[in-house]
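Some notes on the structure that comes next.
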Amino acid sequence: MNGFYSIAVALTMSIATMGIATAQTLVSGGNVAAGKIVYLHQCSGCHSNQPHVDRFGPTLAGVYGRMSGTAPLHHYSAAMKAAHILWGADTLDDFLENPRQDIHGTTMPYSGLASATARADIIAYLKSISPQP
Ligand code: HEC
């Protein structure tokens with residue numbers, strides 16, 4: 001009886017640990033090539049991936065590690081200028097899941113990327129087109 005319980009507890013704990021490990025892998029271990037495809041389909045209509053190219057949205061080149069609302073050339077909303085967010089893995093993940101909920105008053109007309117995997121991938125891609133720390 002005792003043995004059965006300890007096995008059950010050990011099993012439950014290892015499943016819980018695996019769950020945490022998987023969640024971390026998704027955030028930090030996105031796939032750059034898959035992220036480029038997300039970018040081309042969902043972001044490139046409004047955002048360039050080249051430095052100093054402004055479209056309807058600011059360039060995403062260099063966005064990872066940049067303060068929100070600071071790309072030269074772009075006219076941001078008052079909300080984005082006031083947000084003072086340092087774009088990194090966590091802040092981009094929150095923003096891209098639901099931009100208008102994350103920054104009330106943003107003019108980014110995009111409803112959000114529901115898939116955590118797609119968000120991890122696009123974040124890996126954004127990091128790859130930004131200066132490495
Ligand atoms: C329909 C146009 C449109 C689409 C599609 C779009 N964006 Fe945006 N995005 C904007 C605009 C406009 C802004 C500036 C918002 C503001 O000033 O409030 C913005 C701002 C941003 C910012 C903040 C940049 C900064 O310099 O502070 C990030 C990050 C961003 N977008 C990422 C993305 C990603 C990643 C995608 C694709 C998954 C995407 N956007 C899709 C229009 C768009």
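A note on labels: chains of the structure tokens are A, B, ... as shown, every chain counts residues from 1, and ligands are counted from 1 in their shown order.
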
Inset, instruction - List all protein, DNA and RNA residues that have any atom at most 7 Å from ligand 1, counting only C-alpha atoms and all ligand atoms, and write the list as a VMD selection string. - result: chain A and resid 38 to 39 42 to 43 45 to 47 56 to 58 60 63 67 to 71 75 to 77 79 to 80 87 92 96 105 to 110 113 122

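Nearest to Pro131 of chain A of all the residues A:Ala33, A:Ala61, A:Ala78, A:Leu40 is A:Ala61, counting only C-alpha atoms.
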
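Atom CA of Ile37 of chain A lies 21.1 Å from atom CA of Thr91 of chain A.
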
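The residue that comes closest to Asp54 of chain A, out of A:Gly88, A:Leu73, A:Tyr125, A:Val32 and on the basis of only C-alpha atoms, is A:Leu73.
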
Inset, instruction - Tell me, as a ChimeraX atom specification, which residues lie within 10 Å of Ala89 of chain A, counting only C-alpha atoms; anything in the same chain fewer than 5 positions away does not count. - result: /A:27-28,64-65,94,119-120,123-124,126-127

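Of the residues listed (A:His41, A:His74, A:Arg66, A:His104), A:Arg66 shows the shortest atom-to-atom separation from Leu86 of chain A; distances use only C-alpha atoms.
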
Inset, instruction - Quick one: pick out all helix (DSSP H, G or I) residues within segment 48-110 of chain A from a backbone DSSP run and write them as a list in words. - result: Ala78, Ala79, Met80, Lys81, Ala82, Ala83, Ala89, Asp90, Thr91, Leu92, Asp93, Asp94, Phe95, Leu96, Glu97, Pro99, Arg100, Gln101 and Asp102 of chain A

Residues just named, written with N, CA and C atoms as a short mmCIF file (atom, residue, chain, number, x, y, z; two decimals), in the first residue's frame:
data_model
loop_
_atom_site.label_atom_id
_atom_site.label_comp_id
_atom_site.auth_asym_id
_atom_site.auth_seq_id
_atom_site.Cartn_x
_atom_site.Cartn_y
_atom_site.Cartn_z
N ALA A 78 -0.03 57.59 -28.30
CA ALA A 78 0.34 58.10 -26.97
C ALA A 78 0.47 56.94 -25.99
N ALA A 79 -0.39 55.92 -26.14
CA ALA A 79 -0.36 54.76 -25.23
C ALA A 79 0.97 54.03 -25.33
N MET A 80 1.45 53.83 -26.56
CA MET A 80 2.72 53.08 -26.73
C MET A 80 3.89 53.92 -26.23
N LYS A 81 3.83 55.23 -26.46
CA LYS A 81 4.93 56.09 -25.99
C LYS A 81 4.99 56.11 -24.47
N ALA A 82 3.83 55.99 -23.83
CA ALA A 82 3.79 56.06 -22.36
C ALA A 82 4.05 54.70 -21.70
N ALA A 83 4.07 53.62 -22.50
CA ALA A 83 4.09 52.27 -21.89
C ALA A 83 5.41 51.94 -21.18
N ALA A 89 11.56 38.49 -23.95
CA ALA A 89 10.73 37.30 -24.15
C ALA A 89 9.37 37.42 -23.43
N ASP A 90 9.39 37.82 -22.16
CA ASP A 90 8.13 37.84 -21.40
C ASP A 90 7.21 38.98 -21.84
N THR A 91 7.79 40.16 -22.04
CA THR A 91 6.94 41.31 -22.40
C THR A 91 6.36 41.15 -23.80
N LEU A 92 7.15 40.58 -24.73
CA LEU A 92 6.61 40.34 -26.07
C LEU A 92 5.53 39.27 -26.03
N ASP A 93 5.75 38.25 -25.19
CA ASP A 93 4.76 37.17 -25.08
C ASP A 93 3.42 37.73 -24.59
N ASP A 94 3.46 38.58 -23.57
CA ASP A 94 2.22 39.18 -23.06
C ASP A 94 1.55 40.06 -24.13
N PHE A 95 2.36 40.90 -24.77
CA PHE A 95 1.81 41.84 -25.75
C PHE A 95 1.19 41.11 -26.93
N LEU A 96 1.93 40.13 -27.48
CA LEU A 96 1.47 39.47 -28.70
C LEU A 96 0.26 38.57 -28.46
N GLU A 97 0.08 38.12 -27.24
CA GLU A 97 -1.09 37.29 -26.94
C GLU A 97 -2.37 38.12 -27.11
N PRO A 99 -2.62 42.26 -27.82
CA PRO A 99 -2.01 43.61 -27.78
C PRO A 99 -2.88 44.67 -27.11
N ARG A 100 -4.15 44.70 -27.46
CA ARG A 100 -4.99 45.80 -26.96
C ARG A 100 -5.37 45.64 -25.49
N GLN A 101 -5.26 44.41 -24.99
CA GLN A 101 -5.47 44.23 -23.55
C GLN A 101 -4.20 44.58 -22.79
N ASP A 102 -3.04 44.30 -23.41
CA ASP A 102 -1.75 44.56 -22.75
C ASP A 102 -1.47 46.07 -22.70
#

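Reported to one decimal place, the separation of atom CA of Gly35 of chain A from atom CA of Ser130 of chain A is 13.8 Å.
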